[in-house]
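Here's entry-v4.pdb, which has PDB, C-alpha atoms, pLDDT in the B column:
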ATOM      1  CA  MET A   1      23.809 -23.021  25.124  1.00 86.00           C
ATOM      2  CA  PRO A   2      20.103 -23.737  25.746  1.00 91.00           C
ATOM      3  CA  GLN A   3      18.129 -20.777  27.101  1.00 94.00           C
ATOM      4  CA  ASN A   4      16.977 -22.727  30.160  1.00 93.00           C
ATOM      5  CA  GLN A   5      20.626 -23.234  31.198  1.00 93.00           C
ATOM      6  CA  ILE A   6      21.415 -19.546  30.688  1.00 94.00           C
ATOM      7  CA  ASP A   7      18.345 -18.694  32.793  1.00 96.00           C
ATOM      8  CA  SER A   8      19.595 -21.015  35.545  1.00 95.00           C
ATOM      9  CA  ILE A   9      22.887 -19.087  35.596  1.00 95.00           C
ATOM     10  CA  LEU A  10      21.101 -15.721  35.794  1.00 96.00           C
ATOM     11  CA  ARG A  11      18.917 -16.933  38.683  1.00 96.00           C
ATOM     12  CA  THR A  12      22.015 -17.502  40.842  1.00 95.00           C
ATOM     13  CA  GLY A  13      22.862 -13.781  40.839  1.00 94.00           C
ATOM     14  CA  SER A  14      26.423 -12.603  41.334  1.00 94.00           C
ATOM     15  CA  ASN A  15      29.028 -13.836  43.808  1.00 92.00           C
ATOM     16  CA  SER A  16      28.060 -11.276  46.470  1.00 91.00           C
ATOM     17  CA  ASN A  17      25.713 -11.860  49.386  1.00 92.00           C
ATOM     18  CA  ASN A  18      22.110 -10.718  48.833  1.00 94.00           C
ATOM     19  CA  SER A  19      22.792 -10.203  45.134  1.00 96.00           C
ATOM     20  CA  LEU A  20      19.295 -11.209  44.006  1.00 97.00           C
ATOM     21  CA  LEU A  21      17.736  -8.764  46.475  1.00 96.00           C
ATOM     22  CA  ARG A  22      19.843  -5.929  45.058  1.00 95.00           C
ATOM     23  CA  ILE A  23      19.092  -6.856  41.465  1.00 97.00           C
ATOM     24  CA  VAL A  24      15.321  -7.066  41.907  1.00 96.00           C
ATOM     25  CA  SER A  25      15.320  -3.891  44.004  1.00 95.00           C
ATOM     26  CA  PHE A  26      17.008  -2.064  41.136  1.00 94.00           C
ATOM     27  CA  TYR A  27      14.507  -3.423  38.633  1.00 96.00           C
ATOM     28  CA  GLN A  28      11.594  -2.333  40.815  1.00 95.00           C
ATOM     29  CA  LYS A  29      12.658   1.283  40.282  1.00 90.00           C
ATOM     30  CA  ASP A  30      11.968   1.022  36.547  1.00 80.00           C
ATOM     31  CA  LYS A  31      15.348   2.235  35.342  1.00 89.00           C
ATOM     32  CA  SER A  32      16.301   2.337  31.657  1.00 95.00           C
ATOM     33  CA  LEU A  33      17.823  -0.674  29.907  1.00 96.00           C
ATOM     34  CA  GLU A  34      21.168   1.124  29.746  1.00 97.00           C
ATOM     35  CA  GLU A  35      21.065   1.795  33.503  1.00 96.00           C
ATOM     36  CA  LYS A  36      20.186  -1.836  34.202  1.00 97.00           C
ATOM     37  CA  ALA A  37      23.036  -3.106  32.037  1.00 98.00           C
ATOM     38  CA  ASP A  38      25.475  -0.737  33.758  1.00 97.00           C
ATOM     39  CA  PHE A  39      24.243  -1.823  37.194  1.00 96.00           C
ATOM     40  CA  LEU A  40      24.587  -5.524  36.348  1.00 97.00           C
ATOM     41  CA  GLN A  41      28.116  -5.066  35.021  1.00 97.00           C
ATOM     42  CA  LYS A  42      29.106  -3.537  38.369  1.00 95.00           C
ATOM     43  CA  GLU A  43      27.182  -6.149  40.374  1.00 96.00           C
ATOM     44  CA  TYR A  44      28.741  -9.189  38.684  1.00 94.00           C
ATOM     45  CA  LYS A  45      32.450  -9.664  39.423  1.00 92.00           C
ATOM     46  CA  GLY A  46      34.787 -12.636  39.002  1.00 93.00           C
ATOM     47  CA  GLY A  47      33.281 -15.941  37.951  1.00 93.00           C
ATOM     48  CA  LYS A  48      31.715 -19.139  39.195  1.00 94.00           C
ATOM     49  CA  GLY A  49      31.311 -22.803  38.368  1.00 94.00           C
ATOM     50  CA  LEU A  50      27.927 -24.516  38.373  1.00 94.00           C
ATOM     51  CA  TYR A  51      26.444 -27.934  37.757  1.00 94.00           C
ATOM     52  CA  ILE A  52      23.381 -27.559  35.491  1.00 92.00           C
ATOM     53  CA  ASP A  53      21.490 -30.606  34.226  1.00 89.00           C
ATOM     54  CA  GLY A  54      24.423 -32.756  35.269  1.00 91.00           C
ATOM     55  CA  GLN A  55      26.941 -30.680  33.302  1.00 91.00           C
ATOM     56  CA  LYS A  56      29.826 -28.637  34.638  1.00 94.00           C
ATOM     57  CA  ILE A  57      29.363 -25.020  33.474  1.00 94.00           C
ATOM     58  CA  SER A  58      31.883 -22.201  33.954  1.00 95.00           C
ATOM     59  CA  THR A  59      31.053 -18.490  33.860  1.00 95.00           C
ATOM     60  CA  TRP A  60      33.183 -15.369  33.902  1.00 95.00           C
ATOM     61  CA  PHE A  61      31.779 -11.863  34.374  1.00 95.00           C
ATOM     62  CA  HIS A  62      33.679  -9.550  32.037  1.00 94.00           C
ATOM     63  CA  SER A  63      33.359  -5.987  30.766  1.00 94.00           C
ATOM     64  CA  ASP A  64      31.696  -7.160  27.546  1.00 95.00           C
ATOM     65  CA  GLY A  65      29.225  -9.518  29.232  1.00 96.00           C
ATOM     66  CA  ILE A  66      28.935 -12.968  30.780  1.00 96.00           C
ATOM     67  CA  HIS A  67      31.267 -15.583  29.308  1.00 95.00           C
ATOM     68  CA  ILE A  68      29.794 -19.091  29.519  1.00 95.00           C
ATOM     69  CA  SER A  69      31.351 -22.412  28.609  1.00 94.00           C
ATOM     70  CA  LYS A  70      31.052 -26.092  29.406  1.00 92.00           C
ATOM     71  CA  GLY A  71      33.978 -27.357  31.445  1.00 90.00           C
ATOM     72  CA  GLU A  72      36.249 -25.704  33.955  1.00 88.00           C
ATOM     73  CA  THR A  73      37.065 -22.398  32.261  1.00 87.00           C
ATOM     74  CA  ALA A  74      35.039 -19.735  30.490  1.00 88.00           C
ATOM     75  CA  LEU A  75      37.279 -16.724  29.914  1.00 82.00           C
ATOM     76  CA  TYR A  76      39.835 -18.632  27.809  1.00 83.00           C
ATOM     77  CA  SER A  77      37.569 -21.274  26.312  1.00 84.00           C
ATOM     78  CA  ARG A  78      37.456 -21.441  22.510  1.00 84.00           C
ATOM     79  CA  SER A  79      33.874 -22.695  22.593  1.00 87.00           C
ATOM     80  CA  LYS A  80      32.488 -20.108  25.000  1.00 92.00           C
ATOM     81  CA  GLU A  81      29.352 -18.060  24.477  1.00 93.00           C
ATOM     82  CA  VAL A  82      29.327 -14.357  25.427  1.00 95.00           C
ATOM     83  CA  ILE A  83      26.063 -12.667  26.413  1.00 96.00           C
ATOM     84  CA  ASN A  84      26.404  -8.885  26.486  1.00 97.00           C
ATOM     85  CA  TRP A  85      25.089  -6.928  29.461  1.00 98.00           C
ATOM     86  CA  GLU A  86      22.132  -5.412  27.608  1.00 98.00           C
ATOM     87  CA  SER A  87      20.961  -8.908  26.646  1.00 97.00           C
ATOM     88  CA  VAL A  88      21.413 -10.022  30.261  1.00 98.00           C
ATOM     89  CA  ALA A  89      19.388  -7.013  31.436  1.00 98.00           C
ATOM     90  CA  GLU A  90      16.606  -7.768  28.953  1.00 98.00           C
ATOM     91  CA  ARG A  91      16.413 -11.443  29.885  1.00 98.00           C
ATOM     92  CA  ILE A  92      16.241 -10.748  33.629  1.00 98.00           C
ATOM     93  CA  GLU A  93      13.404  -8.311  32.876  1.00 97.00           C
ATOM     94  CA  GLU A  94      11.528 -11.038  30.995  1.00 97.00           C
ATOM     95  CA  LEU A  95      12.066 -13.575  33.782  1.00 98.00           C
ATOM     96  CA  LEU A  96      10.826 -11.108  36.401  1.00 97.00           C
ATOM     97  CA  ASN A  97       7.720 -10.263  34.379  1.00 96.00           C
ATOM     98  CA  ASP A  98       6.978 -13.977  33.963  1.00 96.00           C
ATOM     99  CA  GLY A  99       7.496 -14.701  37.667  1.00 96.00           C
ATOM    100  CA  GLN A 100      10.437 -16.973  36.850  1.00 97.00           C
ATOM    101  CA  TYR A 101      13.427 -15.139  38.313  1.00 97.00           C
ATOM    102  CA  VAL A 102      13.190 -15.293  42.114  1.00 97.00           C
ATOM    103  CA  THR A 103      10.946 -16.861  44.731  1.00 95.00           C
ATOM    104  CA  GLN A 104       8.177 -14.974  46.515  1.00 95.00           C
ATOM    105  CA  ASP A 105      10.051 -14.787  49.827  1.00 94.00           C
ATOM    106  CA  ILE A 106      12.811 -12.779  48.110  1.00 94.00           C
ATOM    107  CA  LEU A 107      10.255 -10.392  46.626  1.00 95.00           C
ATOM    108  CA  ASP A 108       8.631  -9.974  50.052  1.00 94.00           C
ATOM    109  CA  ASN A 109      11.940  -9.035  51.734  1.00 94.00           C
ATOM    110  CA  ILE A 110      13.325  -6.489  49.265  1.00 94.00           C
ATOM    111  CA  GLY A 111      12.000  -3.320  50.923  1.00 92.00           C
ATOM    112  CA  ALA A 112      13.227  -4.292  54.384  1.00 95.00           C
ATOM    113  CA  TYR A 113      16.606  -5.400  53.021  1.00 95.00           C
ATOM    114  CA  GLU A 114      17.136  -2.151  51.129  1.00 95.00           C
ATOM    115  CA  ARG A 115      16.385   0.000  54.179  1.00 95.00           C
ATOM    116  CA  GLN A 116      18.579  -2.161  56.389  1.00 96.00           C
ATOM    117  CA  GLU A 117      21.520  -1.926  53.994  1.00 95.00           C
ATOM    118  CA  ILE A 118      21.246   1.879  53.812  1.00 96.00           C
ATOM    119  CA  ALA A 119      20.928   2.050  57.595  1.00 96.00           C
ATOM    120  CA  GLN A 120      24.154   0.080  58.034  1.00 95.00           C
ATOM    121  CA  ARG A 121      26.058   2.276  55.573  1.00 95.00           C
ATOM    122  CA  LEU A 122      24.790   5.385  57.361  1.00 95.00           C
ATOM    123  CA  TRP A 123      25.790   3.945  60.743  1.00 94.00           C
ATOM    124  CA  TYR A 124      29.331   3.134  59.559  1.00 94.00           C
ATOM    125  CA  LEU A 125      29.714   6.574  58.009  1.00 93.00           C
ATOM    126  CA  HIS A 126      28.639   8.224  61.271  1.00 92.00           C
ATOM    127  CA  ARG A 127      31.092   6.074  63.219  1.00 91.00           C
ATOM    128  CA  ASP A 128      33.953   7.404  61.083  1.00 92.00           C
ATOM    129  CA  LEU A 129      33.110  11.089  61.582  1.00 91.00           C
ATOM    130  CA  SER A 130      35.635  13.167  63.481  1.00 88.00           C
ATOM    131  CA  ASP A 131      34.599  13.401  67.127  1.00 81.00           C
ATOM    132  CA  ASP A 132      34.477  17.191  67.174  1.00 81.00           C
ATOM    133  CA  ILE A 133      31.804  17.435  64.437  1.00 84.00           C
ATOM    134  CA  LYS A 134      29.603  14.395  65.090  1.00 77.00           C
ATOM    135  CA  ASP A 135      26.718  16.387  66.525  1.00 80.00           C
ATOM    136  CA  GLN A 136      26.803  19.072  63.809  1.00 88.00           C
ATOM    137  CA  PHE A 137      24.931  17.202  61.103  1.00 90.00           C
ATOM    138  CA  PHE A 138      22.928  14.276  62.480  1.00 88.00           C
ATOM    139  CA  ASN A 139      20.528  13.610  65.310  1.00 87.00           C
ATOM    140  CA  GLU A 140      22.809  11.669  67.639  1.00 86.00           C
ATOM    141  CA  GLU A 141      19.862   9.876  69.250  1.00 87.00           C
ATOM    142  CA  ILE A 142      19.341   7.635  66.223  1.00 89.00           C
ATOM    143  CA  PHE A 143      22.889   6.254  66.508  1.00 87.00           C
ATOM    144  CA  LYS A 144      22.702   5.252  70.180  1.00 83.00           C
ATOM    145  CA  GLY A 145      22.530   1.607  71.214  1.00 80.00           C
ATOM    146  CA  GLY A 146      25.353   0.207  69.145  1.00 79.00           C
ATOM    147  CA  PHE A 147      25.263  -2.265  66.297  1.00 81.00           C
ATOM    148  CA  PRO A 148      22.817  -3.831  65.346  1.00 87.00           C
ATOM    149  CA  ASP A 149      20.202  -2.158  67.596  1.00 87.00           C
ATOM    150  CA  SER A 150      20.999   1.253  66.170  1.00 91.00           C
ATOM    151  CA  THR A 151      20.869   0.106  62.556  1.00 93.00           C
ATOM    152  CA  ASN A 152      17.538  -1.634  63.157  1.00 94.00           C
ATOM    153  CA  HIS A 153      16.176   1.613  64.586  1.00 93.00           C
ATOM    154  CA  ILE A 154      17.491   3.636  61.628  1.00 95.00           C
ATOM    155  CA  ALA A 155      15.934   1.151  59.190  1.00 95.00           C
ATOM    156  CA  LEU A 156      12.553   1.679  60.863  1.00 95.00           C
ATOM    157  CA  LEU A 157      12.974   5.454  60.556  1.00 95.00           C
ATOM    158  CA  LEU A 158      13.735   5.078  56.849  1.00 95.00           C
ATOM    159  CA  ALA A 159      10.308   3.513  56.349  1.00 94.00           C
ATOM    160  CA  ASP A 160       8.764   6.845  57.428  1.00 94.00           C
ATOM    161  CA  GLN A 161       8.899   9.498  54.709  1.00 93.00           C
ATOM    162  CA  GLN A 162       9.232  12.476  57.064  1.00 94.00           C
ATOM    163  CA  GLU A 163      12.041  10.863  59.039  1.00 94.00           C
ATOM    164  CA  ARG A 164      13.713   9.839  55.808  1.00 94.00           C
ATOM    165  CA  GLU A 165      13.641  13.426  54.531  1.00 95.00           C
ATOM    166  CA  LYS A 166      15.287  14.637  57.751  1.00 94.00           C
ATOM    167  CA  ILE A 167      18.096  12.124  57.318  1.00 95.00           C
ATOM    168  CA  ILE A 168      18.537  13.084  53.654  1.00 96.00           C
ATOM    169  CA  GLU A 169      18.846  16.777  54.556  1.00 95.00           C
ATOM    170  CA  SER A 170      21.388  15.973  57.278  1.00 94.00           C
ATOM    171  CA  LEU A 171      23.383  13.862  54.866  1.00 95.00           C
ATOM    172  CA  LYS A 172      23.324  16.623  52.228  1.00 95.00           C
ATOM    173  CA  GLU A 173      24.662  19.120  54.771  1.00 94.00           C
ATOM    174  CA  PHE A 174      27.393  16.704  55.757  1.00 94.00           C
ATOM    175  CA  ASN A 175      28.322  15.970  52.141  1.00 94.00           C
ATOM    176  CA  SER A 176      28.680  19.685  51.352  1.00 95.00           C
ATOM    177  CA  ALA A 177      30.978  20.123  54.342  1.00 93.00           C
ATOM    178  CA  TYR A 178      32.912  16.967  53.441  1.00 93.00           C
ATOM    179  CA  GLU A 179      33.571  18.242  49.914  1.00 93.00           C
ATOM    180  CA  GLN A 180      35.071  21.395  51.442  1.00 93.00           C
ATOM    181  CA  ASP A 181      37.017  19.610  54.172  1.00 92.00           C
ATOM    182  CA  PRO A 182      37.662  15.853  53.716  1.00 92.00           C
ATOM    183  CA  THR A 183      39.360  15.651  57.131  1.00 91.00           C
ATOM    184  CA  ILE A 184      35.970  15.585  58.891  1.00 91.00           C
ATOM    185  CA  LEU A 185      35.798  11.917  57.873  1.00 91.00           C
ATOM    186  CA  ARG A 186      38.479   9.537  59.120  1.00 90.00           C
ATOM    187  CA  PHE A 187      38.291   7.135  56.184  1.00 88.00           C
ATOM    188  CA  HIS A 188      37.367   7.952  52.610  1.00 89.00           C
ATOM    189  CA  PHE A 189      35.864   4.757  51.212  1.00 92.00           C
ATOM    190  CA  HIS A 190      32.377   6.006  52.097  1.00 91.00           C
ATOM    191  CA  LYS A 191      30.277   7.392  49.248  1.00 91.00           C
ATOM    192  CA  PRO A 192      27.931   9.966  50.802  1.00 93.00           C
ATOM    193  CA  GLN A 193      26.630  11.236  47.453  1.00 94.00           C
ATOM    194  CA  GLU A 194      25.736   7.698  46.400  1.00 93.00           C
ATOM    195  CA  LEU A 195      24.081   7.175  49.779  1.00 95.00           C
ATOM    196  CA  ILE A 196      21.959  10.284  49.215  1.00 96.00           C
ATOM    197  CA  SER A 197      20.880   8.902  45.817  1.00 93.00           C
ATOM    198  CA  ASN A 198      19.958   5.576  47.404  1.00 92.00           C
ATOM    199  CA  LEU A 199      17.846   7.342  50.023  1.00 95.00           C
ATOM    200  CA  VAL A 200      16.094   9.461  47.384  1.00 93.00           C
ATOM    201  CA  ASP A 201      15.394   6.293  45.374  1.00 91.00           C
ATOM    202  CA  LEU A 202      13.324   4.962  48.273  1.00 91.00           C
ATOM    203  CA  ASP A 203      10.642   7.461  47.208  1.00 90.00           C
ATOM    204  CA  LEU A 204      10.484   6.207  43.628  1.00 88.00           C
ATOM    205  CA  PRO A 205       7.346   4.341  42.511  1.00 89.00           C
ATOM    206  CA  ARG A 206       7.935   0.599  42.672  1.00 90.00           C
ATOM    207  CA  ARG A 207       7.041  -2.025  40.115  1.00 92.00           C
ATOM    208  CA  GLU A 208       5.455  -5.164  41.492  1.00 91.00           C
ATOM    209  CA  PHE A 209       6.646  -8.521  40.176  1.00 93.00           C
TER
END

Have the structure of the file written as structure tokens, please.
Amino acid sequence: MPQNQIDSILRTGSNSNNSLLRIVSFYQKDKSLEEKADFLQKEYKGGKGLYIDGQKISTWFHSDGIHISKGETALYSRSKEVINWESVAERIEELLNDGQYVTQDILDNIGAYERQEIAQRLWYLHRDLSDDIKDQFFNEEIFKGGFPDSTNHIALLLADQQEREKIIESLKEFNSAYEQDPTILRFHFHKPQELISNLVDLDLPRREF
């Protein structure tokens, strides 16, 4: 398949909302190629159909890479092409460096998007805390006002390094207690340790594309 068609597929991101923002945000943190490939494999799920240069193209995101074929199926096509995740990671890097991956408005909105997403995850985690321990770990003032006013306020706090450090310390205290007693959280789909890592990553030097 011509490289320009493969590039067109990569520029659409995954099937999830705000995928391109997440991808570029990850690349701004200058992770290793292995980390990028691992991230992309988790980001891309399922498949999609596209029209490129007047042709119907099918893609399927699999454990070994992106399966691409002309027509209506990719996973079971005998004429498919498979691009492994490391190759995908390398090509996205090249497109970003050449200014050919995303538009400027996406680049301009990455920082705000990342803080807003973390703020929402933090807000939902706090909502699911047991009532009798809610005030033990976090400053309750930052969660007042409901959604989305509260999450907008938290996102603004995350832009301030000192406020961000306070939230990280509170989250670390909560996570330690949660590991000892999971009942302090009503639902267990939250990933507090991952949330801590995401908050710490906000302090990493950023690459400009």

(request) Tell me, in Å to one decimal, how far atom CA of Phe39 of chain A is from atom CA of Ala177 of chain A. (result) 28.7 Å

(request) Have a look at atom CA of Leu171 of chain A and atom CA of Leu40 of chain A and let me know their distance in Å, one decimal. (result) 26.8 Å

(message) Could you tell me how far atom CA of Asp64 of chain A sits from atom CA of Gln28 of chain A, in Å to one decimal place?
(response) 24.6 Å

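Among the candidate residues A:Glu86, A:Phe143, A:Ile168, A:Leu75, the one lying nearest to Glu35 of chain A is A:Glu86, with distances computed using only C-alpha atoms.
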
List, as a CSV table (one decimal) with C-alpha atoms, in the coordinates of the input, every residue that the PyMOL selection byres ((chain A and resi 49) around 10) selects in the file provided.
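Result saved to result_30.csv:
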chain,number,residue,atom,x,y,z
A,9,ILE,CA,22.9,-19.1,35.6
A,47,GLY,CA,33.3,-15.9,38.0
A,48,LYS,CA,31.7,-19.1,39.2
A,50,LEU,CA,27.9,-24.5,38.4
A,51,TYR,CA,26.4,-27.9,37.8
A,52,ILE,CA,23.4,-27.6,35.5
A,56,LYS,CA,29.8,-28.6,34.6
A,57,ILE,CA,29.4,-25.0,33.5
A,58,SER,CA,31.9,-22.2,34.0
A,59,THR,CA,31.1,-18.5,33.9
A,60,TRP,CA,33.2,-15.4,33.9
A,68,ILE,CA,29.8,-19.1,29.5
A,69,SER,CA,31.4,-22.4,28.6
A,70,LYS,CA,31.1,-26.1,29.4
A,71,GLY,CA,34.0,-27.4,31.4
A,72,GLU,CA,36.2,-25.7,34.0
A,73,THR,CA,37.1,-22.4,32.3
A,74,ALA,CA,35.0,-19.7,30.5

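With only C-alpha atoms as the atoms that count, the residue of A:Asn4, A:Ser197, A:Gln41, A:Thr151 with the shortest distance to Arg115 of chain A is A:Thr151.
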
(request) May I have the residues within 12 Å of Lys191 of chain A as a ChimeraX atom specification, using all atoms listed in the file and disregarding those fewer than 2 positions away in the same chain? (result) /A:118,121-122,124-125,171-172,174-175,178-179,185,187-189,193-198

(request) Name the residues that the PyMOL selection byres ((chain A and resi 38) around 12) picks from the file above, as an MDAnalysis selection string, using the file's chain letters and numbers. (result) chainID A and resid 23 26 31:37 39:44 63:65 84:89
